[in-house]
$ cat model02.tsv   # TSV, C-alpha atoms and all ligand atoms
chain	number	residue	atom	x	y	z
A	73	MET	CA	114.00	104.73	65.57
A	74	VAL	CA	112.61	102.53	68.31
A	75	SER	CA	115.28	101.16	70.68
A	76	GLU	CA	116.36	97.52	70.47
A	77	LYS	CA	115.33	96.98	74.08
A	78	LEU	CA	111.86	98.35	73.48
A	79	LEU	CA	111.41	96.40	70.26
A	80	THR	CA	112.09	93.19	72.19
A	81	LYS	CA	109.70	94.19	74.95
A	82	MET	CA	106.96	95.24	72.53
A	83	SER	CA	107.18	91.97	70.65
A	84	SER	CA	106.50	90.00	73.85
A	85	GLY	CA	103.18	91.90	74.10
A	86	SER	CA	100.45	91.69	76.73
A	87	TRP	CA	97.90	88.90	76.99
A	88	ILE	CA	95.26	91.29	78.33
A	89	ARG	CA	95.66	93.70	75.41
A	90	ALA	CA	95.86	90.86	72.87
A	91	MET	CA	92.56	89.43	74.12
A	92	PHE	CA	90.92	92.86	74.18
A	93	GLU	CA	91.97	93.44	70.56
A	94	GLU	CA	90.68	89.98	69.62
A	95	GLY	CA	87.38	91.02	71.24
A	96	GLU	CA	87.25	94.18	69.09
A	97	ARG	CA	87.75	92.09	65.95
A	98	ARG	CA	85.05	89.62	67.01
A	99	ARG	CA	82.54	92.32	67.97
A	100	LYS	CA	82.84	93.74	64.44
A	101	HIS	CA	82.50	90.30	62.89
A	102	PHE	CA	79.83	88.60	65.07
A	103	GLY	CA	78.07	91.62	66.66
A	104	ALA	CA	78.66	92.93	70.20
A	105	ASP	CA	75.90	90.81	71.78
A	106	LYS	CA	77.51	87.55	70.56
A	107	VAL	CA	80.91	88.22	72.13
A	108	PHE	CA	81.61	87.67	75.85
A	109	ASP	CA	84.65	89.75	76.58
A	110	PHE	CA	86.02	89.26	80.11
A	111	SER	CA	89.53	90.44	79.26
A	112	LEU	CA	89.89	93.97	80.58
A	113	GLY	CA	89.67	95.42	84.12
A	114	ASN	CA	87.92	98.56	82.86
A	115	PRO	CA	84.92	99.40	85.08
A	116	ASP	CA	81.73	99.32	83.01
A	117	ILE	CA	79.69	101.13	85.66
A	118	GLU	CA	79.49	104.92	85.79
A	119	PRO	CA	81.14	106.99	88.55
A	120	PRO	CA	78.88	107.75	91.55
A	121	LYS	CA	76.40	110.59	90.90
A	122	GLY	CA	78.05	112.70	93.63
A	123	VAL	CA	81.33	112.62	91.68
A	124	ILE	CA	79.68	113.80	88.46
A	125	ARG	CA	77.74	116.48	90.35
A	126	THR	CA	80.93	117.77	91.99
A	127	LEU	CA	82.71	117.81	88.64
A	128	ARG	CA	79.85	119.82	87.05
A	129	ASN	CA	79.78	122.27	89.94
A	130	LEU	CA	83.53	122.79	89.76
A	131	VAL	CA	83.53	123.33	86.01
A	132	ASN	CA	80.69	125.86	86.33
A	133	SER	CA	82.16	127.62	89.36
A	134	ASP	CA	84.18	130.82	89.39
A	135	GLU	CA	86.90	129.21	91.49
A	136	PRO	CA	90.14	130.83	90.32
A	137	ASN	CA	93.36	128.98	89.48
A	138	LEU	CA	91.59	125.71	88.85
A	139	HIS	CA	93.64	124.85	85.79
A	140	LYS	CA	97.12	126.04	86.77
A	141	TYR	CA	100.33	124.34	87.82
A	142	MET	CA	100.57	123.81	91.53
A	143	ASN	CA	103.03	122.25	94.01
A	144	ASN	CA	104.33	119.05	92.35
A	145	ALA	CA	102.90	117.07	95.28
A	146	GLY	CA	99.38	118.36	94.56
A	147	TYR	CA	96.92	120.68	96.29
A	148	PRO	CA	97.63	120.85	100.06
A	149	ASP	CA	93.91	120.94	100.99
A	150	VAL	CA	93.18	117.76	98.99
A	151	ARG	CA	96.25	116.01	100.41
A	152	LYS	CA	95.15	116.98	103.92
A	153	LYS	CA	91.71	115.44	103.37
A	154	ILE	CA	93.28	112.17	102.16
A	155	ALA	CA	95.74	112.14	105.10
A	156	ASP	CA	92.90	112.79	107.57
A	157	SER	CA	90.85	109.96	106.09
A	158	ILE	CA	93.81	107.54	106.35
A	159	HIS	CA	94.42	108.74	109.92
A	160	LYS	CA	90.76	108.11	110.76
A	161	ASP	CA	90.76	104.62	109.20
A	162	THR	CA	94.10	103.39	110.55
A	163	GLY	CA	94.89	105.51	113.61
A	164	ILE	CA	98.25	106.37	112.00
A	165	PRO	CA	98.69	110.14	112.28
A	166	ILE	CA	99.95	111.06	108.83
A	167	THR	CA	99.56	114.60	107.49
A	168	GLU	CA	99.37	116.22	104.05
A	169	LYS	CA	103.18	116.18	104.01
A	170	HIS	CA	102.99	112.38	103.59
A	171	ILE	CA	100.63	112.46	100.57
A	172	ILE	CA	101.69	112.97	96.95
A	173	MET	CA	98.94	113.16	94.34
A	174	THR	CA	99.73	111.08	91.24
A	175	CYS	CA	98.51	110.09	87.79
A	176	GLY	CA	96.78	106.92	88.98
A	177	ALA	CA	98.40	103.95	90.70
A	178	ALA	CA	100.47	103.25	87.59
A	179	GLY	CA	101.97	106.74	87.72
A	180	ALA	CA	102.50	106.37	91.47
A	181	LEU	CA	104.39	103.07	91.10
A	182	ASN	CA	106.68	104.59	88.47
A	183	VAL	CA	107.35	107.55	90.78
A	184	VAL	CA	108.17	105.23	93.69
A	185	PHE	CA	110.52	103.03	91.62
A	186	LYS	CA	112.23	106.04	90.03
A	187	THR	CA	112.82	107.42	93.52
A	188	ILE	CA	114.21	104.34	95.26
A	189	LEU	CA	115.96	102.14	92.70
A	190	ASN	CA	119.68	102.01	92.02
A	191	PRO	CA	120.69	99.98	88.94
A	192	GLY	CA	120.29	96.26	89.65
A	193	ASP	CA	118.23	96.70	92.84
A	194	GLU	CA	115.70	93.93	93.27
A	195	VAL	CA	111.96	94.27	93.81
A	196	ILE	CA	110.07	91.18	94.96
A	197	ILE	CA	106.56	90.67	93.58
A	198	PHE	CA	104.21	87.73	94.18
A	199	SER	CA	102.77	85.44	91.55
A	200	PRO	CA	100.11	85.62	90.30
A	201	PHE	CA	100.91	89.30	89.65
A	202	PHE	CA	99.70	92.35	87.72
A	203	PRO	CA	101.94	91.95	84.64
A	204	GLU	CA	102.71	95.67	84.23
A	205	TYR	CA	104.91	95.50	87.35
A	206	PHE	CA	107.77	94.11	85.26
A	207	SER	CA	107.78	97.19	83.03
A	208	TYR	CA	107.42	99.65	85.89
A	209	ILE	CA	110.42	98.13	87.70
A	210	ASP	CA	112.50	97.77	84.53
A	211	ASN	CA	111.71	101.39	83.55
A	212	HIS	CA	113.87	102.51	86.45
A	213	GLY	CA	116.74	100.01	86.24
A	214	GLY	CA	115.37	97.52	88.78
A	215	ARG	CA	115.20	93.74	88.58
A	216	THR	CA	111.93	91.92	89.28
A	217	VAL	CA	112.13	88.82	91.47
A	218	VAL	CA	109.00	86.67	91.50
A	219	SER	CA	108.03	84.86	94.70
A	220	PRO	CA	105.07	82.46	94.65
A	221	CYS	CA	101.78	82.38	96.53
A	222	TYR	CA	100.24	79.09	97.64
A	223	GLU	CA	98.06	77.69	94.87
A	224	ASN	CA	95.22	76.50	97.13
A	225	SER	CA	94.68	79.91	98.79
A	226	PHE	CA	96.76	82.44	96.82
A	227	ASP	CA	98.13	83.64	100.16
A	228	ILE	CA	101.85	84.54	100.28
A	229	ASN	CA	104.30	81.64	100.66
A	230	LEU	CA	106.54	83.09	103.37
A	231	GLN	CA	109.25	80.41	103.20
A	232	GLU	CA	109.79	81.19	99.53
A	233	LEU	CA	109.73	84.92	100.24
A	234	GLU	CA	112.46	84.52	102.84
A	235	LYS	CA	114.63	82.61	100.34
A	236	ASN	CA	114.14	85.32	97.73
A	237	ILE	CA	115.34	88.20	99.91
A	238	THR	CA	118.97	89.12	99.17
A	239	PRO	CA	121.25	92.05	100.00
A	240	ALA	CA	120.00	93.60	96.73
A	241	THR	CA	116.32	93.55	97.77
A	242	LYS	CA	115.16	97.15	97.84
A	243	ALA	CA	111.40	96.65	98.01
A	244	VAL	CA	108.60	94.12	98.29
A	245	LEU	CA	105.47	94.95	96.31
A	246	ILE	CA	102.13	93.58	97.51
A	247	ASN	CA	98.72	93.94	95.89
A	248	SER	CA	95.66	93.18	98.01
A	249	PRO	CA	92.82	92.79	97.11
A	250	ASN	CA	94.69	91.13	94.35
A	251	ASN	CA	94.54	91.35	90.58
A	252	PRO	CA	94.03	88.64	89.28
A	253	THR	CA	92.84	86.47	92.22
A	254	GLY	CA	90.60	88.82	94.24
A	255	VAL	CA	92.28	87.51	97.42
A	256	ILE	CA	92.98	89.77	100.42
A	257	PHE	CA	96.26	88.80	102.08
A	258	LYS	CA	95.67	87.71	105.69
A	259	GLU	CA	96.77	90.01	108.50
A	260	SER	CA	98.54	87.08	110.21
A	261	THR	CA	100.54	86.44	107.02
A	262	LEU	CA	101.51	90.10	106.75
A	263	LEU	CA	102.57	90.22	110.42
A	264	GLN	CA	104.84	87.20	109.85
A	265	MET	CA	106.15	88.85	106.71
A	266	ALA	CA	107.04	91.95	108.77
A	267	GLU	CA	109.09	89.75	111.12
A	268	ILE	CA	110.92	88.17	108.18
A	269	LEU	CA	111.71	91.58	106.69
A	270	GLU	CA	113.01	92.89	110.01
A	271	ARG	CA	115.22	89.82	110.41
A	272	LYS	CA	116.59	90.11	106.88
A	273	GLU	CA	117.19	93.86	107.22
A	274	LYS	CA	119.30	93.14	110.29
A	275	GLU	CA	121.15	90.27	108.60
A	276	TYR	CA	122.06	92.34	105.52
A	277	SER	CA	122.16	95.83	107.12
A	278	THR	CA	119.66	97.03	104.52
A	279	LYS	CA	116.26	98.69	104.47
A	280	ILE	CA	113.41	97.09	102.54
A	281	LEU	CA	110.45	99.23	101.53
A	282	VAL	CA	107.02	97.57	101.45
A	283	ILE	CA	104.96	99.06	98.63
A	284	SER	CA	101.28	98.28	98.92
A	285	ASP	CA	99.44	98.70	95.61
A	286	GLU	CA	95.80	99.10	96.69
A	287	PRO	CA	93.58	100.30	93.82
A	288	TYR	CA	90.95	97.71	94.83
A	289	ALA	CA	90.98	98.48	98.58
A	290	GLN	CA	87.44	99.90	98.41
A	291	LEU	CA	86.06	96.95	96.43
A	292	VAL	CA	85.66	94.40	99.20
A	293	TYR	CA	82.80	91.93	99.80
A	294	ASP	CA	81.18	90.19	102.78
A	295	ASN	CA	82.54	92.66	105.38
A	296	ASN	CA	86.12	91.53	104.72
A	297	ILE	CA	88.78	93.95	105.92
A	298	VAL	CA	91.97	94.93	104.13
A	299	PRO	CA	94.69	94.95	106.83
A	300	SER	CA	96.39	98.31	107.34
A	301	ILE	CA	99.85	98.19	105.81
A	302	LEU	CA	100.95	101.35	107.62
A	303	LYS	CA	100.32	99.64	110.97
A	304	ILE	CA	102.10	96.41	110.05
A	305	PHE	CA	105.17	97.63	108.17
A	306	PRO	CA	107.04	100.65	109.58
A	307	ASN	CA	108.94	100.98	106.30
A	308	SER	CA	106.02	101.26	103.89
A	309	VAL	CA	104.18	103.34	101.34
A	310	ILE	CA	100.65	102.91	100.00
A	311	VAL	CA	99.92	103.43	96.33
A	312	ASN	CA	96.26	104.01	95.63
A	313	SER	CA	93.95	105.36	92.95
A	314	PHE	CA	90.33	106.20	92.23
A	315	SER	CA	90.30	104.25	88.96
A	316	LYS	CA	88.26	101.40	90.43
A	317	SER	CA	86.69	102.78	93.64
A	318	LEU	CA	85.12	105.71	91.76
A	319	ALA	CA	85.21	104.15	88.26
A	320	LEU	CA	87.51	106.91	86.96
A	321	PRO	CA	90.36	105.03	85.25
A	322	GLY	CA	90.61	107.47	82.35
A	323	GLU	CA	91.03	110.48	84.62
A	324	ARG	CA	94.39	109.26	85.94
A	325	ILE	CA	94.08	110.25	89.57
A	326	GLY	CA	95.69	108.55	92.56
A	327	TYR	CA	98.18	109.13	95.36
A	328	ILE	CA	101.15	107.84	97.35
A	329	ALA	CA	100.86	107.79	101.15
A	330	VAL	CA	104.20	107.58	102.95
A	331	ASN	CA	104.31	106.00	106.39
A	332	LYS	CA	105.42	108.41	109.13
A	333	THR	CA	107.88	105.75	110.36
A	334	VAL	CA	109.61	105.10	107.01
A	335	SER	CA	113.39	105.44	107.28
A	336	ASN	CA	114.57	108.89	106.11
A	337	ALA	CA	110.97	109.95	105.51
A	338	ASP	CA	111.77	113.55	104.51
A	339	SER	CA	114.32	112.49	101.95
A	340	LEU	CA	111.93	109.87	100.49
A	341	ILE	CA	109.06	112.38	100.31
A	342	ASN	CA	111.28	114.98	98.59
A	343	GLY	CA	112.46	112.30	96.14
A	344	LEU	CA	108.88	111.28	95.32
A	345	ILE	CA	107.81	114.88	94.68
A	346	TYR	CA	110.88	115.46	92.53
A	347	CYS	CA	110.24	112.28	90.49
A	348	ASN	CA	106.57	113.17	89.99
A	349	ARG	CA	107.96	116.29	88.28
A	350	ILE	CA	110.86	114.89	86.30
A	351	LEU	CA	108.99	111.88	84.97
A	352	GLY	CA	106.93	114.47	83.15
A	353	PHE	CA	103.74	114.02	85.13
A	354	VAL	CA	104.56	117.43	86.75
A	355	ASN	CA	101.46	117.09	88.92
A	356	ALA	CA	98.30	114.98	89.06
A	357	PRO	CA	95.35	116.34	87.03
A	358	SER	CA	94.24	119.55	88.71
A	359	LEU	CA	90.48	119.31	88.23
A	360	PHE	CA	90.27	115.73	89.44
A	361	GLN	CA	92.37	116.44	92.52
A	362	LYS	CA	89.65	118.93	93.46
A	363	VAL	CA	86.88	116.45	92.64
A	364	ILE	CA	88.50	113.80	94.84
A	365	GLY	CA	88.89	116.29	97.67
A	366	GLU	CA	85.11	116.69	97.72
A	367	THR	CA	84.12	113.05	97.19
A	368	LEU	CA	86.37	110.94	99.40
A	369	ASP	CA	83.34	109.33	101.03
A	370	GLU	CA	81.83	108.21	97.72
A	371	LYS	CA	82.28	104.80	96.17
A	372	VAL	CA	80.73	102.78	93.38
A	373	ASP	CA	77.86	100.45	94.33
A	374	ILE	CA	79.78	97.42	95.54
A	375	ASN	CA	76.61	95.29	95.44
A	376	VAL	CA	76.63	95.39	91.65
A	377	TYR	CA	80.04	93.71	91.60
A	378	LYS	CA	79.13	91.36	94.45
A	379	GLN	CA	76.07	90.04	92.59
A	380	ARG	CA	78.21	89.39	89.51
A	381	ARG	CA	80.88	87.64	91.57
A	382	ASP	CA	78.29	85.42	93.24
A	383	PHE	CA	76.48	84.63	89.99
A	384	LEU	CA	79.64	83.74	88.07
A	385	TYR	CA	81.28	81.90	90.95
A	386	GLU	CA	78.23	79.73	91.66
A	387	ASN	CA	77.72	78.90	87.99
A	388	LEU	CA	81.39	78.06	87.41
A	389	ILE	CA	81.49	75.77	90.44
A	390	ARG	CA	78.28	74.04	89.24
A	391	MET	CA	79.95	73.43	85.85
A	392	GLY	CA	82.97	71.73	87.45
A	393	PHE	CA	85.47	74.61	87.67
A	394	SER	CA	87.44	75.12	90.88
A	395	CYS	CA	88.17	78.63	92.09
A	396	VAL	CA	89.23	80.48	95.26
A	397	LYS	CA	86.22	82.69	96.07
A	398	PRO	CA	87.38	86.29	95.62
A	399	GLN	CA	87.05	88.58	98.64
A	400	GLY	CA	87.53	91.79	96.67
A	401	ALA	CA	88.39	93.45	93.32
A	402	PHE	CA	86.41	92.37	90.23
A	403	TYR	CA	88.23	89.27	89.02
A	404	LEU	CA	87.84	85.49	89.29
A	405	PHE	CA	90.89	83.28	88.80
A	406	PRO	CA	89.63	79.71	88.25
A	407	LYS	CA	91.70	76.66	87.41
A	408	SER	CA	91.81	75.86	83.72
A	409	LEU	CA	89.91	72.68	82.80
A	410	ILE	CA	92.83	71.52	80.71
A	411	LYS	CA	96.44	71.69	81.89
A	412	ASP	CA	97.58	74.13	79.25
A	413	ASP	CA	95.87	77.43	80.13
A	414	VAL	CA	96.82	79.04	76.79
A	415	ALA	CA	95.23	76.15	74.88
A	416	PHE	CA	92.16	76.48	77.15
A	417	VAL	CA	91.81	80.21	76.48
A	418	ASN	CA	92.22	79.59	72.74
A	419	LEU	CA	89.53	76.92	72.91
A	420	ALA	CA	87.24	79.41	74.70
A	421	LEU	CA	87.46	81.65	71.60
A	422	LYS	CA	85.46	78.98	69.76
A	423	TYR	CA	82.53	80.08	71.99
A	424	ASN	CA	83.38	83.78	71.67
A	425	LEU	CA	84.55	83.83	75.28
A	426	LEU	CA	87.51	86.15	75.85
A	427	LEU	CA	89.54	85.13	78.88
A	428	VAL	CA	93.14	85.81	79.90
A	429	PRO	CA	95.51	82.86	80.54
A	430	GLY	CA	97.10	82.56	83.98
A	431	SER	CA	100.50	82.41	82.24
A	432	GLY	CA	100.11	86.14	81.62
A	433	PHE	CA	100.05	86.62	85.42
A	434	GLY	CA	102.93	84.22	86.10
A	435	CYS	CA	100.54	81.42	87.09
A	436	PRO	CA	100.03	78.79	84.38
A	437	GLY	CA	97.07	76.41	84.71
A	438	TYR	CA	94.59	79.18	85.58
A	439	PHE	CA	92.67	81.89	83.75
A	440	ARG	CA	91.30	85.31	84.65
A	441	ILE	CA	87.74	86.54	84.24
A	442	SER	CA	87.15	90.27	84.73
A	443	TYR	CA	83.54	90.87	85.74
A	444	ALA	CA	83.74	94.62	85.19
A	445	VAL	CA	81.35	93.70	82.41
A	446	ASP	CA	77.62	94.45	82.11
A	447	GLN	CA	75.12	92.08	83.69
A	448	LYS	CA	73.54	91.07	80.38
A	449	THR	CA	76.85	89.88	78.92
A	450	ILE	CA	77.51	87.89	82.09
A	451	ILE	CA	74.09	86.18	82.01
A	452	ASN	CA	74.27	85.49	78.28
A	453	SER	CA	77.77	84.04	78.60
A	454	ILE	CA	76.66	81.11	80.78
A	455	PRO	CA	75.72	78.75	77.87
A	456	ALA	CA	79.14	79.50	76.31
A	457	PHE	CA	80.94	78.61	79.57
A	458	GLU	CA	78.78	75.45	79.81
A	459	ALA	CA	79.69	74.36	76.29
A	460	LEU	CA	83.38	75.05	76.96
A	461	ALA	CA	83.30	73.10	80.24
A	462	GLU	CA	81.52	70.17	78.61
A	463	GLU	CA	84.03	70.01	75.77
A	464	CYS	CA	86.97	70.03	78.20
A	465	LEU	CA	85.48	67.57	80.70
A	466	THR	CA	84.46	65.00	78.07
A	467	LYS	CA	88.01	65.12	76.64
A	468	ARG	CA	89.60	64.31	80.01
A	501	LIG	C1	96.98	95.75	90.56
A	501	LIG	C2	96.91	97.01	89.78
A	501	LIG	N1	97.78	97.99	90.06
A	501	LIG	C3	97.75	99.15	89.38
A	501	LIG	C4	96.85	99.38	88.37
A	501	LIG	C5	96.87	100.68	87.65
A	501	LIG	O1	95.75	101.44	88.03
A	501	LIG	P1	95.58	102.97	87.69
A	501	LIG	O2	94.47	103.10	86.71
A	501	LIG	O3	95.24	103.61	88.98
A	501	LIG	O4	96.86	103.47	87.16
A	501	LIG	C6	95.93	98.38	88.03
A	501	LIG	C7	94.99	98.56	86.93
A	501	LIG	O5	94.27	97.69	86.50
A	501	LIG	C8	95.95	97.16	88.77
A	501	LIG	O6	95.10	96.17	88.51

$ encode --input "model02.tsv" --output "structure tokens" --more "lines below"
Ligand SMILES: Cc1ncc(COP(=O)(O)O)c(C=O)c1O
Amino acid sequence: MVSEKLLTKMSSGSWIRAMFEEGERRRKHFGADKVFDFSLGNPDIEPPKGVIRTLRNLVNSDEPNLHKYMNNAGYPDVRKKIADSIHKDTGIPITEKHIIMTCGAAGALNVVFKTILNPGDEVIIFSPFFPEYFSYIDNHGGRTVVSPCYENSFDINLQELEKNITPATKAVLINSPNNPTGVIFKESTLLQMAEILERKEKEYSTKILVISDEPYAQLVYDNNIVPSILKIFPNSVIVNSFSKSLALPGERIGYIAVNKTVSNADSLINGLIYCNRILGFVNAPSLFQKVIGETLDEKVDINVYKQRRDFLYENLIRMGFSCVKPQGAFYLFPKSLIKDDVAFVNLALKYNLLLVPGSGFGCPGYFRISYAVDQKTIINSIPAFEALAEECLTKR
């Protein structure tokens, strides 16, 4: 029954899932405390207390119509609160009209691609990338074009980007803070990118939409700032979710924010609302829209993640790993100690360390550690990392 195309796609699998499943097997076999599973970006910490309190209050309240269908864009009052908060943060006066509530960032990306892509249109993504992008673009008939970042900084290589823009380029997708590197793209880089896009749009008489996938925008360390995409790119949309900032990934709640200055804004907004419906999402989860409306100022305790980042980063550097220090998100992306990152990750299994090879993110020679993992596992994993490092370094 399953289509040929899907069978091929399913057989190529996902490194992240494969490692997670390996972890499940090993936990059963060795015991959970002997396995150091850094494979999945699934927040281990609980949502802020204010979020749980609001949820309880709502469930116990007599508020009518809490569980009904609503406008496919979502509740107007919730959308207004999100628009006001973006306006306050960026100075860009968007209104509830520009916000569409979605089933997480993943749902939002599918809605955006369904809305904008004609068959064969190209979407540029940057490596290393979140691997699901390929599926989301392919789901709607698009073609993914991969443009590299610089290896020493993981900032965008603008010369390569310029070469990769063609008359078929419909969108450029950026993700900052980045999964898997934790890097925040520099404002100066993004401003130069805006100039390149403007030049190319003129050259080809096209419009290129910048899609900024920002589920980690609230998880930022050391007072770093995520540059405002709406200010830099007139033709842009933000895709965001509360999966990471409020540790609610299972609740599937997020939104799309459309820039006021996007070309044919009304038509794009209508298309997005329509696609939210016809993709079968219909609307974002009702109860959690209401929760978000009340808890926009909440966020998880960023210090918990910061301590883990610092602890892991300092220990890995001491052991001889090299790594760009992440500025946000909850991932480290160090260089593999042997050239072949897949062989390295397989070797790590000998020490019950579950890591994801950089090849899975379009960046061989590296590996990803997700530190959305409890503190005890992180501390107990250090001897395993030390043994792995020693084995690799003595072989070199
Ligand atoms: C870069 C990136 N984009 C999108 C998503 C999807 O997030 P959501 O749970 O909001 O759908 C993830 C999830 O890990 C991610 O890392």

$ residues_around --input "model02.tsv" --residues "stretch 151-153 of chain A" --least-positions-apart "4" --cutoff "9 Å" --atoms "all atoms listed in the file" --output "list in words"
Ala145, Gly146, Tyr147, Ser157, Ile158, Thr167, Glu168, Lys169, His170, Ile171, Ile172, Met173, Tyr327, Gln361, Gly365, Glu366 and Leu368 of chain A

$ residues_near_ligand --input "model02.tsv" --ligand "ligand LIG 501 (chain A)" --cutoff "10 Å" --atoms "only C-alpha atoms and all ligand atoms" --output "JSON, numbers by chain"
{"A": [112, 113, 114, 115, 174, 175, 176, 177, 178, 179, 180, 181, 182, 201, 202, 203, 204, 205, 246, 247, 248, 249, 250, 251, 252, 284, 285, 286, 287, 288, 311, 312, 313, 314, 315, 316, 317, 319, 320, 321, 322, 323, 324, 325, 326, 327, 401, 402, 403]}

$ atom_distance --input "model02.tsv" --atom1 "atom CA of A:Pro165" --atom2 "atom CA of A:Pro120"
28.8 Å

$ residues_around --input "model02.tsv" --residues "A:Val292" --least-positions-apart "5" --cutoff "10 Å" --atoms "all atoms listed in the file" --output "list in words"
Pro249, Gly254, Val255, Ile256, Ile297, Val298, Ile374, Asn375, Tyr377, Lys378, Pro398, Gln399, Gly400, Ala401 and Phe402 of chain A

$ residues_around --input "model02.tsv" --residues "A:Pro299" --least-positions-apart "4" --cutoff "9 Å" --atoms "all atoms listed in the file" --output "ChimeraX atom specification"
/A:256-259,262,303-304

$ write_last_selection --input "model02.tsv" --atoms "C-alpha atoms" --output "PDB file, keeping the file's coordinate frame"
ATOM      1  CA  ILE A 256      92.980  89.770 100.420  1.00  0.00           C
ATOM      2  CA  PHE A 257      96.260  88.800 102.080  1.00  0.00           C
ATOM      3  CA  LYS A 258      95.670  87.710 105.690  1.00  0.00           C
ATOM      4  CA  GLU A 259      96.770  90.010 108.500  1.00  0.00           C
ATOM      5  CA  LEU A 262     101.510  90.100 106.750  1.00  0.00           C
ATOM      6  CA  LYS A 303     100.320  99.640 110.970  1.00  0.00           C
ATOM      7  CA  ILE A 304     102.100  96.410 110.050  1.00  0.00           C
TER       8      ILE A 304
END

$ closest_residue --input "model02.tsv" --among "A:Leu291, A:Leu138, A:Ile280, A:Leu130" --to "A:Glu194" --atoms "only C-alpha atoms"
A:Ile280

$ closest_residue --input "model02.tsv" --among "A:Leu359, A:Leu460, A:Ile301, A:Ile188" --to "A:Tyr346" --atoms "only C-alpha atoms"
A:Ile188

$ closest_residue --input "model02.tsv" --among "A:Leu318, A:Leu302, A:Ile88, A:Ile454" --to "A:Ser431" --atoms "all atoms listed in the file"
A:Ile88

$ atom_distance --input "model02.tsv" --atom1 "atom CA of A:Leu421" --atom2 "atom CA of A:Glu223"
25.9 Å

$ atom_distance --input "model02.tsv" --atom1 "atom CA of A:Val330" --atom2 "atom CA of A:Ile196"
19.2 Å

$ residues_near_point --input "model02.tsv" --point "(108.6, 86.8, 108.5)" --cutoff "12 Å" --atoms "all atoms listed in the file" --output "VMD selection string"
chain A and resid 228 to 235 237 260 to 273 304 to 305

$ residues_around --input "model02.tsv" --residues "stretch 213-219 of chain A" --least-positions-apart "6" --cutoff "7 Å" --atoms "only C-alpha atoms" --output "ChimeraX atom specification"
/A:189-199,206,232-233,236

$ closest_residue --input "model02.tsv" --among "A:Tyr141, A:Tyr423, A:Tyr293, A:Trp87" --to "A:Glu458" --atoms "all atoms listed in the file"
A:Tyr423

$ closest_residue --input "model02.tsv" --among "A:Ser300, A:Glu275, A:Ser207, A:Ile389" --to "A:Thr162" --atoms "all atoms listed in the file"
A:Ser300

$ residues_around --input "model02.tsv" --residues "A:Gly392" --least-positions-apart "4" --cutoff "10 Å" --atoms "only C-alpha atoms" --output "compact mmCIF listing (two decimals) with C-alpha atoms, in the coordinates of the input"
# COMPACT_ATOMS: atom_id res chain seq x y z
CA ASN A 387 77.72 78.90 87.99
CA LEU A 388 81.39 78.06 87.41
CA LEU A 409 89.91 72.68 82.80
CA GLU A 458 78.78 75.45 79.81
CA ALA A 461 83.30 73.10 80.24
CA GLU A 462 81.52 70.17 78.61
CA LEU A 465 85.48 67.57 80.70

$ closest_residue --input "model02.tsv" --among "A:Phe457, A:Ala337, A:Val107, A:Ala415" --to "A:Phe393" --atoms "all atoms listed in the file"
A:Phe457

$ axis_aligned_box --input "model02.tsv" --around "stretch 175-193 of chain A" --padding-each-side "4 Å" --output "AutoDock Vina command-line options"
--center_x 108.7 --center_y 103.2 --center_z 91.4 --size_x 31.9 --size_y 21.8 --size_z 15.7

$ residues_near_point --input "model02.tsv" --point "(100.6, 81.9, 87.4)" --cutoff "10 Å" --atoms "all atoms listed in the file" --output "NGL selection string"
:A and (198-201 or 220-221 or 223 or 252 or 405 or 413 or 429-439)

$ write_last_selection --input "model02.tsv" --atoms "C-alpha atoms" --output "tab-separated table (two decimals), keeping the file's coordinate frame"
chain	number	residue	atom	x	y	z
A	198	PHE	CA	104.21	87.73	94.18
A	199	SER	CA	102.77	85.44	91.55
A	200	PRO	CA	100.11	85.62	90.30
A	201	PHE	CA	100.91	89.30	89.65
A	220	PRO	CA	105.07	82.46	94.65
A	221	CYS	CA	101.78	82.38	96.53
A	223	GLU	CA	98.06	77.69	94.87
A	252	PRO	CA	94.03	88.64	89.28
A	405	PHE	CA	90.89	83.28	88.80
A	413	ASP	CA	95.87	77.43	80.13
A	429	PRO	CA	95.51	82.86	80.54
A	430	GLY	CA	97.10	82.56	83.98
A	431	SER	CA	100.50	82.41	82.24
A	432	GLY	CA	100.11	86.14	81.62
A	433	PHE	CA	100.05	86.62	85.42
A	434	GLY	CA	102.93	84.22	86.10
A	435	CYS	CA	100.54	81.42	87.09
A	436	PRO	CA	100.03	78.79	84.38
A	437	GLY	CA	97.07	76.41	84.71
A	438	TYR	CA	94.59	79.18	85.58
A	439	PHE	CA	92.67	81.89	83.75

$ decode --input "model02.tsv" --residues "stretch 277-288 of chain A" --atoms "C-alpha atoms" --output "tab-separated table (two decimals), in the first residue's frame"
chain	number	residue	atom	x	y	z
A	277	SER	CA	12.54	39.78	-11.53
A	278	THR	CA	11.53	37.41	-8.73
A	279	LYS	CA	10.57	37.65	-5.07
A	280	ILE	CA	12.43	35.56	-2.51
A	281	LEU	CA	10.80	34.92	0.85
A	282	VAL	CA	13.07	34.66	3.90
A	283	ILE	CA	11.66	32.11	6.32
A	284	SER	CA	13.18	32.35	9.77
A	285	ASP	CA	12.69	29.16	11.80
A	286	GLU	CA	13.17	30.35	15.40
A	287	PRO	CA	12.06	27.71	17.93
A	288	TYR	CA	15.22	28.40	19.97
